[in-house]
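Containing mmCIF, N, CA and C atoms and all ligand atoms: entry_12.cif.
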```cif
data_upload
#
loop_
_atom_site.group_PDB
_atom_site.id
_atom_site.type_symbol
_atom_site.label_atom_id
_atom_site.label_comp_id
_atom_site.auth_asym_id
_atom_site.auth_seq_id
_atom_site.Cartn_x
_atom_site.Cartn_y
_atom_site.Cartn_z
ATOM 1 N N MET A 1 -3.478 -22.618 34.381
ATOM 2 C CA MET A 1 -3.243 -21.684 33.276
ATOM 3 C C MET A 1 -2.050 -20.793 33.579
ATOM 4 N N ASN A 2 -1.398 -20.414 32.515
ATOM 5 C CA ASN A 2 -0.233 -19.562 32.627
ATOM 6 C C ASN A 2 -0.590 -18.173 32.110
ATOM 7 N N TYR A 3 -0.476 -17.186 32.931
ATOM 8 C CA TYR A 3 -0.825 -15.837 32.514
ATOM 9 C C TYR A 3 0.424 -15.032 32.204
ATOM 10 N N TYR A 4 0.307 -14.260 31.143
ATOM 11 C CA TYR A 4 1.421 -13.423 30.731
ATOM 12 C C TYR A 4 1.011 -11.970 30.908
ATOM 13 N N GLY A 5 1.433 -11.378 31.995
ATOM 14 C CA GLY A 5 1.115 -9.989 32.215
ATOM 15 C C GLY A 5 -0.345 -9.811 32.574
ATOM 16 N N THR A 6 -0.740 -8.571 32.711
ATOM 17 C CA THR A 6 -2.109 -8.277 33.098
ATOM 18 C C THR A 6 -2.673 -7.183 32.209
ATOM 19 N N LEU A 7 -3.981 -7.102 32.190
ATOM 20 C CA LEU A 7 -4.684 -6.051 31.476
ATOM 21 C C LEU A 7 -5.293 -5.125 32.515
ATOM 22 N N GLY A 8 -5.455 -3.866 32.157
ATOM 23 C CA GLY A 8 -6.064 -2.922 33.087
ATOM 24 C C GLY A 8 -7.541 -2.759 32.820
ATOM 25 N N CYS A 9 -8.326 -2.796 33.885
ATOM 26 C CA CYS A 9 -9.756 -2.569 33.752
ATOM 27 C C CYS A 9 -9.994 -1.138 33.269
ATOM 28 N N PRO A 10 -10.802 -0.939 32.197
ATOM 29 C CA PRO A 10 -11.037 0.426 31.699
ATOM 30 C C PRO A 10 -11.890 1.269 32.646
ATOM 31 N N PHE A 11 -12.517 0.642 33.622
ATOM 32 C CA PHE A 11 -13.369 1.377 34.559
ATOM 33 C C PHE A 11 -12.605 1.780 35.812
ATOM 34 N N CYS A 12 -11.984 0.794 36.468
ATOM 35 C CA CYS A 12 -11.362 1.080 37.765
ATOM 36 C C CYS A 12 -9.847 0.920 37.736
ATOM 37 N N GLY A 13 -9.289 0.416 36.622
ATOM 38 C CA GLY A 13 -7.845 0.292 36.510
ATOM 39 C C GLY A 13 -7.280 -0.939 37.185
ATOM 40 N N ALA A 14 -8.124 -1.779 37.755
ATOM 41 C CA ALA A 14 -7.646 -2.981 38.417
ATOM 42 C C ALA A 14 -6.983 -3.913 37.396
ATOM 43 N N ALA A 15 -5.948 -4.607 37.844
ATOM 44 C CA ALA A 15 -5.259 -5.540 36.969
ATOM 45 C C ALA A 15 -6.115 -6.776 36.764
ATOM 46 N N MET A 16 -6.201 -7.192 35.504
ATOM 47 C CA MET A 16 -6.939 -8.415 35.190
ATOM 48 C C MET A 16 -6.002 -9.326 34.432
ATOM 49 N N PRO A 17 -6.126 -10.631 34.631
ATOM 50 C CA PRO A 17 -5.212 -11.551 33.971
ATOM 51 C C PRO A 17 -5.335 -11.488 32.453
ATOM 52 N N ASN A 18 -4.204 -11.465 31.771
ATOM 53 C CA ASN A 18 -4.171 -11.491 30.308
ATOM 54 C C ASN A 18 -4.321 -12.934 29.873
ATOM 55 N N GLY A 19 -5.345 -13.237 29.133
ATOM 56 C CA GLY A 19 -5.570 -14.594 28.675
ATOM 57 C C GLY A 19 -6.825 -15.180 29.268
ATOM 58 N N ASP A 20 -7.375 -14.511 30.260
ATOM 59 C CA ASP A 20 -8.573 -15.022 30.903
ATOM 60 C C ASP A 20 -9.813 -14.514 30.180
ATOM 61 N N TYR A 21 -9.885 -14.763 28.901
ATOM 62 C CA TYR A 21 -11.068 -14.361 28.165
ATOM 63 C C TYR A 21 -11.248 -15.270 26.960
ATOM 64 N N LYS A 22 -12.445 -15.309 26.464
ATOM 65 C CA LYS A 22 -12.765 -16.072 25.268
ATOM 66 C C LYS A 22 -13.217 -15.093 24.202
ATOM 67 N N ALA A 23 -12.951 -15.432 22.966
ATOM 68 C CA ALA A 23 -13.322 -14.555 21.861
ATOM 69 C C ALA A 23 -14.811 -14.279 21.884
ATOM 70 N N GLY A 24 -15.171 -13.026 21.771
ATOM 71 C CA GLY A 24 -16.571 -12.651 21.698
ATOM 72 C C GLY A 24 -17.267 -12.553 23.044
ATOM 73 N N ARG A 25 -16.576 -12.939 24.108
ATOM 74 C CA ARG A 25 -17.196 -12.880 25.430
ATOM 75 C C ARG A 25 -16.618 -11.713 26.212
ATOM 76 N N PRO A 26 -17.469 -10.980 26.926
ATOM 77 C CA PRO A 26 -16.947 -9.882 27.732
ATOM 78 C C PRO A 26 -16.128 -10.412 28.911
ATOM 79 N N ILE A 27 -15.196 -9.591 29.361
ATOM 80 C CA ILE A 27 -14.361 -9.926 30.508
ATOM 81 C C ILE A 27 -14.943 -9.195 31.708
ATOM 82 N N VAL A 28 -15.197 -9.907 32.768
ATOM 83 C CA VAL A 28 -15.769 -9.295 33.965
ATOM 84 C C VAL A 28 -14.632 -8.961 34.918
ATOM 85 N N CYS A 29 -14.580 -7.695 35.321
ATOM 86 C CA CYS A 29 -13.525 -7.238 36.221
ATOM 87 C C CYS A 29 -13.716 -7.870 37.598
ATOM 88 N N PRO A 30 -12.663 -8.463 38.169
ATOM 89 C CA PRO A 30 -12.801 -9.073 39.500
ATOM 90 C C PRO A 30 -12.954 -8.031 40.598
ATOM 91 N N SER A 31 -12.595 -6.778 40.294
ATOM 92 C CA SER A 31 -12.660 -5.731 41.308
ATOM 93 C C SER A 31 -13.997 -4.989 41.306
ATOM 94 N N CYS A 32 -14.428 -4.526 40.122
ATOM 95 C CA CYS A 32 -15.653 -3.720 40.071
ATOM 96 C C CYS A 32 -16.807 -4.452 39.388
ATOM 97 N N SER A 33 -16.559 -5.659 38.874
ATOM 98 C CA SER A 33 -17.597 -6.505 38.271
ATOM 99 C C SER A 33 -18.227 -5.907 37.012
ATOM 100 N N ARG A 34 -17.574 -4.910 36.415
ATOM 101 C CA ARG A 34 -18.102 -4.364 35.166
ATOM 102 C C ARG A 34 -17.474 -5.109 33.997
ATOM 103 N N ARG A 35 -18.175 -5.056 32.866
ATOM 104 C CA ARG A 35 -17.751 -5.852 31.714
ATOM 105 C C ARG A 35 -16.940 -5.020 30.736
ATOM 106 N N SER A 36 -15.887 -5.629 30.241
ATOM 107 C CA SER A 36 -15.101 -4.985 29.195
ATOM 108 C C SER A 36 -14.750 -6.047 28.164
ATOM 109 N N ARG A 37 -14.136 -5.617 27.094
ATOM 110 C CA ARG A 37 -13.776 -6.554 26.027
ATOM 111 C C ARG A 37 -12.517 -6.046 25.343
ATOM 112 N N ILE A 38 -11.912 -6.937 24.579
ATOM 113 C CA ILE A 38 -10.743 -6.556 23.793
ATOM 114 C C ILE A 38 -11.195 -5.555 22.731
ATOM 115 N N SER A 39 -10.462 -4.480 22.581
ATOM 116 C CA SER A 39 -10.889 -3.446 21.646
ATOM 117 C C SER A 39 -10.898 -3.980 20.226
ATOM 118 N N ARG A 40 -11.854 -3.506 19.455
ATOM 119 C CA ARG A 40 -12.025 -3.976 18.089
ATOM 120 C C ARG A 40 -10.795 -3.623 17.243
ATOM 121 N N SER A 41 -10.228 -2.440 17.464
ATOM 122 C CA SER A 41 -9.083 -2.025 16.658
ATOM 123 C C SER A 41 -7.888 -2.944 16.907
ATOM 124 N N TYR A 42 -7.732 -3.416 18.153
ATOM 125 C CA TYR A 42 -6.637 -4.338 18.456
ATOM 126 C C TYR A 42 -6.830 -5.648 17.708
ATOM 127 N N LYS A 43 -8.064 -6.170 17.710
ATOM 128 C CA LYS A 43 -8.346 -7.420 17.004
ATOM 129 C C LYS A 43 -8.084 -7.263 15.518
ATOM 130 N N GLN A 44 -8.568 -6.151 14.950
ATOM 131 C CA GLN A 44 -8.384 -5.924 13.514
ATOM 132 C C GLN A 44 -6.904 -5.824 13.180
ATOM 133 N N LEU A 45 -6.153 -5.129 14.028
ATOM 134 C CA LEU A 45 -4.728 -4.955 13.769
ATOM 135 C C LEU A 45 -3.997 -6.290 13.793
ATOM 136 N N THR A 46 -4.282 -7.136 14.792
ATOM 137 C CA THR A 46 -3.581 -8.414 14.867
ATOM 138 C C THR A 46 -3.966 -9.318 13.696
ATOM 139 N N ILE A 47 -5.229 -9.287 13.275
ATOM 140 C CA ILE A 47 -5.649 -10.135 12.158
ATOM 141 C C ILE A 47 -5.021 -9.641 10.860
ATOM 142 N N LEU A 48 -5.032 -8.316 10.651
ATOM 143 C CA LEU A 48 -4.460 -7.767 9.417
ATOM 144 C C LEU A 48 -2.962 -8.033 9.337
ATOM 145 N N THR A 49 -2.253 -7.831 10.436
ATOM 146 C CA THR A 49 -0.819 -8.100 10.407
ATOM 147 C C THR A 49 -0.559 -9.599 10.249
ATOM 148 N N GLY A 50 -1.433 -10.435 10.820
ATOM 149 C CA GLY A 50 -1.309 -11.883 10.642
ATOM 150 C C GLY A 50 -1.464 -12.285 9.185
ATOM 151 N N ILE A 51 -2.411 -11.645 8.493
ATOM 152 C CA ILE A 51 -2.604 -11.910 7.063
ATOM 153 C C ILE A 51 -1.358 -11.473 6.295
ATOM 154 N N ALA A 52 -0.814 -10.316 6.660
ATOM 155 C CA ALA A 52 0.394 -9.822 5.991
ATOM 156 C C ALA A 52 1.562 -10.778 6.218
ATOM 157 N N VAL A 53 1.688 -11.308 7.440
ATOM 158 C CA VAL A 53 2.757 -12.254 7.749
ATOM 159 C C VAL A 53 2.589 -13.526 6.910
ATOM 160 N N THR A 54 1.348 -14.002 6.795
ATOM 161 C CA THR A 54 1.078 -15.198 5.982
ATOM 162 C C THR A 54 1.484 -14.960 4.528
ATOM 163 N N ALA A 55 1.100 -13.801 3.991
ATOM 164 C CA ALA A 55 1.477 -13.467 2.618
ATOM 165 C C ALA A 55 2.994 -13.397 2.501
ATOM 166 N N GLY A 56 3.647 -12.839 3.502
ATOM 167 C CA GLY A 56 5.105 -12.746 3.502
ATOM 168 C C GLY A 56 5.759 -14.119 3.475
ATOM 169 N N ILE A 57 5.215 -15.056 4.244
ATOM 170 C CA ILE A 57 5.747 -16.425 4.249
ATOM 171 C C ILE A 57 5.609 -17.032 2.861
ATOM 172 N N CYS A 58 4.464 -16.808 2.206
ATOM 173 C CA CYS A 58 4.254 -17.339 0.850
ATOM 174 C C CYS A 58 5.261 -16.744 -0.125
ATOM 175 N N PHE A 59 5.602 -15.460 0.048
ATOM 176 C CA PHE A 59 6.599 -14.837 -0.816
ATOM 177 C C PHE A 59 7.965 -15.456 -0.575
ATOM 178 N N VAL A 60 8.287 -15.669 0.708
ATOM 179 C CA VAL A 60 9.584 -16.260 1.051
ATOM 180 C C VAL A 60 9.692 -17.674 0.474
ATOM 181 N N LEU A 61 8.542 -18.395 0.469
ATOM 182 C CA LEU A 61 8.517 -19.754 -0.089
ATOM 183 C C LEU A 61 8.479 -19.733 -1.617
ATOM 184 N N ASN A 62 8.475 -18.504 -2.188
ATOM 185 C CA ASN A 62 8.502 -18.331 -3.641
ATOM 186 C C ASN A 62 7.277 -18.964 -4.311
ATOM 187 N N LEU A 63 6.123 -18.774 -3.693
ATOM 188 C CA LEU A 63 4.881 -19.294 -4.264
ATOM 189 C C LEU A 63 4.265 -18.243 -5.189
ATOM 190 N N HIS A 64 3.715 -18.711 -6.314
ATOM 191 C CA HIS A 64 3.079 -17.810 -7.274
ATOM 192 C C HIS A 64 1.752 -18.401 -7.702
ATOM 193 N N GLY A 65 0.872 -17.526 -8.157
ATOM 194 C CA GLY A 65 -0.385 -17.949 -8.752
ATOM 195 C C GLY A 65 -1.172 -18.902 -7.873
ATOM 196 N N LEU A 66 -1.482 -20.060 -8.448
ATOM 197 C CA LEU A 66 -2.290 -21.049 -7.735
ATOM 198 C C LEU A 66 -1.562 -21.560 -6.493
ATOM 199 N N GLY A 67 -0.263 -21.738 -6.612
ATOM 200 C CA GLY A 67 0.526 -22.183 -5.464
ATOM 201 C C GLY A 67 0.445 -21.201 -4.320
ATOM 202 N N PHE A 68 0.457 -19.901 -4.658
ATOM 203 C CA PHE A 68 0.338 -18.860 -3.640
ATOM 204 C C PHE A 68 -1.028 -18.956 -2.964
ATOM 205 N N ALA A 69 -2.079 -19.078 -3.788
ATOM 206 C CA ALA A 69 -3.441 -19.164 -3.246
ATOM 207 C C ALA A 69 -3.582 -20.384 -2.342
ATOM 208 N N LEU A 70 -3.030 -21.504 -2.788
ATOM 209 C CA LEU A 70 -3.109 -22.741 -2.022
ATOM 210 C C LEU A 70 -2.310 -22.623 -0.721
ATOM 211 N N GLY A 71 -1.066 -22.170 -0.845
ATOM 212 C CA GLY A 71 -0.215 -22.020 0.339
ATOM 213 C C GLY A 71 -0.806 -21.039 1.329
ATOM 214 N N PHE A 72 -1.339 -19.927 0.798
ATOM 215 C CA PHE A 72 -1.922 -18.898 1.657
ATOM 216 C C PHE A 72 -3.098 -19.456 2.448
ATOM 217 N N SER A 73 -3.982 -20.212 1.735
ATOM 218 C CA SER A 73 -5.180 -20.725 2.406
ATOM 219 C C SER A 73 -4.831 -21.805 3.423
ATOM 220 N N ILE A 74 -3.744 -22.556 3.164
ATOM 221 C CA ILE A 74 -3.337 -23.591 4.126
ATOM 222 C C ILE A 74 -2.656 -22.947 5.337
ATOM 223 N N LEU A 75 -1.826 -21.938 5.079
ATOM 224 C CA LEU A 75 -1.030 -21.335 6.148
ATOM 225 C C LEU A 75 -1.818 -20.347 7.004
ATOM 226 N N LEU A 76 -2.859 -19.752 6.424
ATOM 227 C CA LEU A 76 -3.507 -18.623 7.102
ATOM 228 C C LEU A 76 -3.988 -18.968 8.517
ATOM 229 N N ALA A 77 -4.743 -20.071 8.644
ATOM 230 C CA ALA A 77 -5.314 -20.397 9.960
ATOM 231 C C ALA A 77 -4.232 -20.646 11.021
ATOM 232 N N PRO A 78 -3.251 -21.529 10.756
ATOM 233 C CA PRO A 78 -2.233 -21.747 11.801
ATOM 234 C C PRO A 78 -1.386 -20.511 12.080
ATOM 235 N N VAL A 79 -1.035 -19.753 11.025
ATOM 236 C CA VAL A 79 -0.223 -18.551 11.238
ATOM 237 C C VAL A 79 -1.009 -17.533 12.057
ATOM 238 N N LEU A 80 -2.285 -17.363 11.736
ATOM 239 C CA LEU A 80 -3.120 -16.404 12.490
ATOM 240 C C LEU A 80 -3.210 -16.796 13.956
ATOM 241 N N MET A 81 -3.408 -18.113 14.200
ATOM 242 C CA MET A 81 -3.520 -18.569 15.585
ATOM 243 C C MET A 81 -2.255 -18.256 16.370
ATOM 244 N N ILE A 82 -1.113 -18.609 15.776
ATOM 245 C CA ILE A 82 0.170 -18.371 16.446
ATOM 246 C C ILE A 82 0.408 -16.870 16.586
ATOM 247 N N TRP A 83 0.095 -16.142 15.516
ATOM 248 C CA TRP A 83 0.354 -14.697 15.496
ATOM 249 C C TRP A 83 -0.489 -13.973 16.544
ATOM 250 N N VAL A 84 -1.792 -14.268 16.553
ATOM 251 C CA VAL A 84 -2.686 -13.592 17.493
ATOM 252 C C VAL A 84 -2.311 -13.955 18.929
ATOM 253 N N PHE A 85 -2.012 -15.241 19.149
ATOM 254 C CA PHE A 85 -1.620 -15.695 20.481
ATOM 255 C C PHE A 85 -0.323 -15.012 20.918
ATOM 256 N N GLY A 86 0.664 -14.998 20.015
ATOM 257 C CA GLY A 86 1.964 -14.413 20.347
ATOM 258 C C GLY A 86 1.874 -12.918 20.568
ATOM 259 N N THR A 87 1.123 -12.236 19.697
ATOM 260 C CA THR A 87 1.005 -10.782 19.806
ATOM 261 C C THR A 87 0.394 -10.374 21.132
ATOM 262 N N ARG A 88 -0.568 -11.175 21.586
ATOM 263 C CA ARG A 88 -1.266 -10.859 22.826
ATOM 264 C C ARG A 88 -0.309 -10.820 24.012
ATOM 265 N N HIS A 89 0.750 -11.617 23.919
ATOM 266 C CA HIS A 89 1.679 -11.675 25.040
ATOM 267 C C HIS A 89 2.818 -10.674 24.907
ATOM 268 N N ILE A 90 3.043 -10.188 23.684
ATOM 269 C CA ILE A 90 4.075 -9.172 23.480
ATOM 270 C C ILE A 90 3.459 -7.791 23.644
ATOM 271 N N ILE A 91 2.316 -7.583 22.999
ATOM 272 C CA ILE A 91 1.588 -6.320 23.111
ATOM 273 C C ILE A 91 0.247 -6.641 23.753
ATOM 274 N N PRO A 92 0.106 -6.412 25.067
ATOM 275 C CA PRO A 92 -1.161 -6.738 25.716
ATOM 276 C C PRO A 92 -2.308 -5.978 25.065
ATOM 277 N N PRO A 93 -3.440 -6.636 24.863
ATOM 278 C CA PRO A 93 -4.569 -5.973 24.228
ATOM 279 C C PRO A 93 -5.117 -4.838 25.072
ATOM 280 N N LYS A 94 -5.686 -3.864 24.381
ATOM 281 C CA LYS A 94 -6.355 -2.775 25.087
ATOM 282 C C LYS A 94 -7.793 -3.200 25.345
ATOM 283 N N LEU A 95 -8.275 -2.906 26.534
ATOM 284 C CA LEU A 95 -9.660 -3.222 26.859
ATOM 285 C C LEU A 95 -10.517 -1.988 26.672
ATOM 286 N N GLU A 96 -11.736 -2.206 26.235
ATOM 287 C CA GLU A 96 -12.706 -1.121 26.152
ATOM 288 C C GLU A 96 -13.974 -1.592 26.843
ATOM 289 N N PRO A 97 -14.772 -0.653 27.347
ATOM 290 C CA PRO A 97 -16.006 -1.070 28.009
ATOM 291 C C PRO A 97 -16.883 -1.860 27.049
ATOM 292 N N ALA A 98 -17.421 -2.964 27.509
ATOM 293 C CA ALA A 98 -18.353 -3.727 26.692
ATOM 294 C C ALA A 98 -19.647 -2.940 26.577
ATOM 295 N N ALA A 99 -20.269 -3.020 25.412
ATOM 296 C CA ALA A 99 -21.493 -2.256 25.187
ATOM 297 C C ALA A 99 -22.601 -2.725 26.118
ATOM 298 N N THR A 100 -23.360 -1.781 26.618
ATOM 299 C CA THR A 100 -24.531 -2.109 27.425
ATOM 300 C C THR A 100 -25.757 -1.524 26.749
ATOM 301 N N GLU A 101 -26.921 -1.768 27.323
ATOM 302 C CA GLU A 101 -28.161 -1.268 26.720
ATOM 303 C C GLU A 101 -28.162 0.250 26.658
ATOM 304 N N ASN A 102 -27.465 0.895 27.577
ATOM 305 C CA ASN A 102 -27.515 2.351 27.665
ATOM 306 C C ASN A 102 -26.513 3.041 26.750
ATOM 307 N N SER A 103 -25.555 2.300 26.215
ATOM 308 C CA SER A 103 -24.458 2.958 25.508
ATOM 309 C C SER A 103 -24.782 3.246 24.060
ATOM 310 N N GLY A 104 -25.871 2.702 23.533
ATOM 311 C CA GLY A 104 -26.239 3.001 22.155
ATOM 312 C C GLY A 104 -25.784 1.949 21.184
ATOM 313 N N THR A 105 -24.713 1.228 21.484
ATOM 314 C CA THR A 105 -24.263 0.165 20.591
ATOM 315 C C THR A 105 -24.539 -1.167 21.251
ATOM 316 N N LYS A 106 -24.979 -2.099 20.479
ATOM 317 C CA LYS A 106 -25.277 -3.419 21.018
ATOM 318 C C LYS A 106 -24.050 -4.309 20.910
ATOM 319 N N PRO A 107 -23.853 -5.193 21.878
ATOM 320 C CA PRO A 107 -22.714 -6.111 21.783
ATOM 321 C C PRO A 107 -22.850 -7.036 20.594
ATOM 322 N N ALA A 108 -21.735 -7.284 19.946
ATOM 323 C CA ALA A 108 -21.764 -8.175 18.780
ATOM 324 C C ALA A 108 -22.055 -9.600 19.220
ATOM 325 N N GLN A 109 -22.885 -10.254 18.503
ATOM 326 C CA GLN A 109 -23.199 -11.651 18.833
ATOM 327 C C GLN A 109 -22.559 -12.584 17.836
HETATM 328 ZN ZN ZN B 201 -12.772 -2.835 37.259
#
```
As structure tokens - that is how I would like this structure written.
Ligand SMILES: [Zn+2]
Amino acid sequence: MNYYGTLGCPFCGAAMPNGDYKAGRPIVCPSCSRRSRISRSYKQLTILTGIAVTAGICFVLNLHGLGFALGFSILLAPVLMIWVFGTRHIIPPKLEPAATENSGTKPAQ
């Protein structure tokens, strides 16, 4: 695997490889063994900007009405994948502590 930069552990600050995580799964710090995850706001931001980029591509392609809807639905998945992947390497995601039983919020399943 090829890693692009590192993420900082929110607990101990140890560097963790950027890219060594799966969606929805907590990242375990190799130094302190505590769990963290990509912050929700970062995920929302990359998805929202990805949607905006997809819409922008449809505008550039001069799609209207049904063509816009069709083009948007075809382009959205590949553009989002490329966008989210690319953004992660340009702007490293922020990590936040993964929810535990004591924190009041349950981890999303
Ligand atoms: Zn740590």
Would you mind listing what lies within 5 Å of region 32-41 of chain A as a list in words, with all atoms listed in the file counted and same-chain residues fewer than 5 positions away left out? Pro26, Ile27, Lys94, Leu95, Glu96, Pro97 and Ala98 of chain A
Contact check, chain A to ligand ZN 201 (chain B), at most 7 Å, counting only N, CA and C atoms and all ligand atoms, closest pairs as CSV:
```
residue,atom,partner,partner_atom,distance
A:Gly8,C,B:ZN201,ZN,6.9
A:Cys9,CA,B:ZN201,ZN,4.6
A:Pro10,N,B:ZN201,ZN,5.8
A:Phe11,C,B:ZN201,ZN,4.8
A:Cys12,N,B:ZN201,ZN,3.8
A:Gly13,N,B:ZN201,ZN,4.8
A:Ala14,N,B:ZN201,ZN,4.8
A:Val28,C,B:ZN201,ZN,6.8
A:Cys29,CA,B:ZN201,ZN,4.6
A:Pro30,N,B:ZN201,ZN,5.7
A:Ser31,C,B:ZN201,ZN,4.7
A:Cys32,N,B:ZN201,ZN,3.7
A:Ser33,N,B:ZN201,ZN,5.0
A:Arg34,N,B:ZN201,ZN,5.3
```
Applied to the shown file, which residues does the PyMOL selection byres (((chain A and resi 54 and name CA) around 10) and not hetatm and name CA) return, written as a ChimeraX atom specification? /A:48-53,55-60,71-80,83
Atoms to include: N, CA and C atoms. Write the selected residues as a compact mmCIF listing (two decimals), in the coordinates of the input.
```
# COMPACT_ATOMS: atom_id res chain seq x y z
N LEU A 48 -5.03 -8.32 10.65
CA LEU A 48 -4.46 -7.77 9.42
C LEU A 48 -2.96 -8.03 9.34
N THR A 49 -2.25 -7.83 10.44
CA THR A 49 -0.82 -8.10 10.41
C THR A 49 -0.56 -9.60 10.25
N GLY A 50 -1.43 -10.44 10.82
CA GLY A 50 -1.31 -11.88 10.64
C GLY A 50 -1.46 -12.28 9.18
N ILE A 51 -2.41 -11.64 8.49
CA ILE A 51 -2.60 -11.91 7.06
C ILE A 51 -1.36 -11.47 6.30
N ALA A 52 -0.81 -10.32 6.66
CA ALA A 52 0.39 -9.82 5.99
C ALA A 52 1.56 -10.78 6.22
N VAL A 53 1.69 -11.31 7.44
CA VAL A 53 2.76 -12.25 7.75
C VAL A 53 2.59 -13.53 6.91
N ALA A 55 1.10 -13.80 3.99
CA ALA A 55 1.48 -13.47 2.62
C ALA A 55 2.99 -13.40 2.50
N GLY A 56 3.65 -12.84 3.50
CA GLY A 56 5.11 -12.75 3.50
C GLY A 56 5.76 -14.12 3.48
N ILE A 57 5.22 -15.06 4.24
CA ILE A 57 5.75 -16.42 4.25
C ILE A 57 5.61 -17.03 2.86
N CYS A 58 4.46 -16.81 2.21
CA CYS A 58 4.25 -17.34 0.85
C CYS A 58 5.26 -16.74 -0.12
N PHE A 59 5.60 -15.46 0.05
CA PHE A 59 6.60 -14.84 -0.82
C PHE A 59 7.96 -15.46 -0.57
N VAL A 60 8.29 -15.67 0.71
CA VAL A 60 9.58 -16.26 1.05
C VAL A 60 9.69 -17.67 0.47
N GLY A 71 -1.07 -22.17 -0.84
CA GLY A 71 -0.22 -22.02 0.34
C GLY A 71 -0.81 -21.04 1.33
N PHE A 72 -1.34 -19.93 0.80
CA PHE A 72 -1.92 -18.90 1.66
C PHE A 72 -3.10 -19.46 2.45
N SER A 73 -3.98 -20.21 1.74
CA SER A 73 -5.18 -20.72 2.41
C SER A 73 -4.83 -21.80 3.42
N ILE A 74 -3.74 -22.56 3.16
CA ILE A 74 -3.34 -23.59 4.13
C ILE A 74 -2.66 -22.95 5.34
N LEU A 75 -1.83 -21.94 5.08
CA LEU A 75 -1.03 -21.34 6.15
C LEU A 75 -1.82 -20.35 7.00
N LEU A 76 -2.86 -19.75 6.42
CA LEU A 76 -3.51 -18.62 7.10
C LEU A 76 -3.99 -18.97 8.52
N ALA A 77 -4.74 -20.07 8.64
CA ALA A 77 -5.31 -20.40 9.96
C ALA A 77 -4.23 -20.65 11.02
N PRO A 78 -3.25 -21.53 10.76
CA PRO A 78 -2.23 -21.75 11.80
C PRO A 78 -1.39 -20.51 12.08
N VAL A 79 -1.03 -19.75 11.02
CA VAL A 79 -0.22 -18.55 11.24
C VAL A 79 -1.01 -17.53 12.06
N LEU A 80 -2.28 -17.36 11.74
CA LEU A 80 -3.12 -16.40 12.49
C LEU A 80 -3.21 -16.80 13.96
N TRP A 83 0.10 -16.14 15.52
CA TRP A 83 0.35 -14.70 15.50
C TRP A 83 -0.49 -13.97 16.54
```
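Backbone DSSP of region 5-103 of chain A yields strand (DSSP E or B) at Thr6, Leu7, Gly8, Ala15, Met16, Pro17, Ile27, Val28, Arg35, Ser36, Arg37, Ile38, Leu95, Glu96 and Pro97 of chain A.
Taking CA of Tyr42 (chain A) as the reference point, CA of Phe68 (chain A) is found at 27.3 Å.
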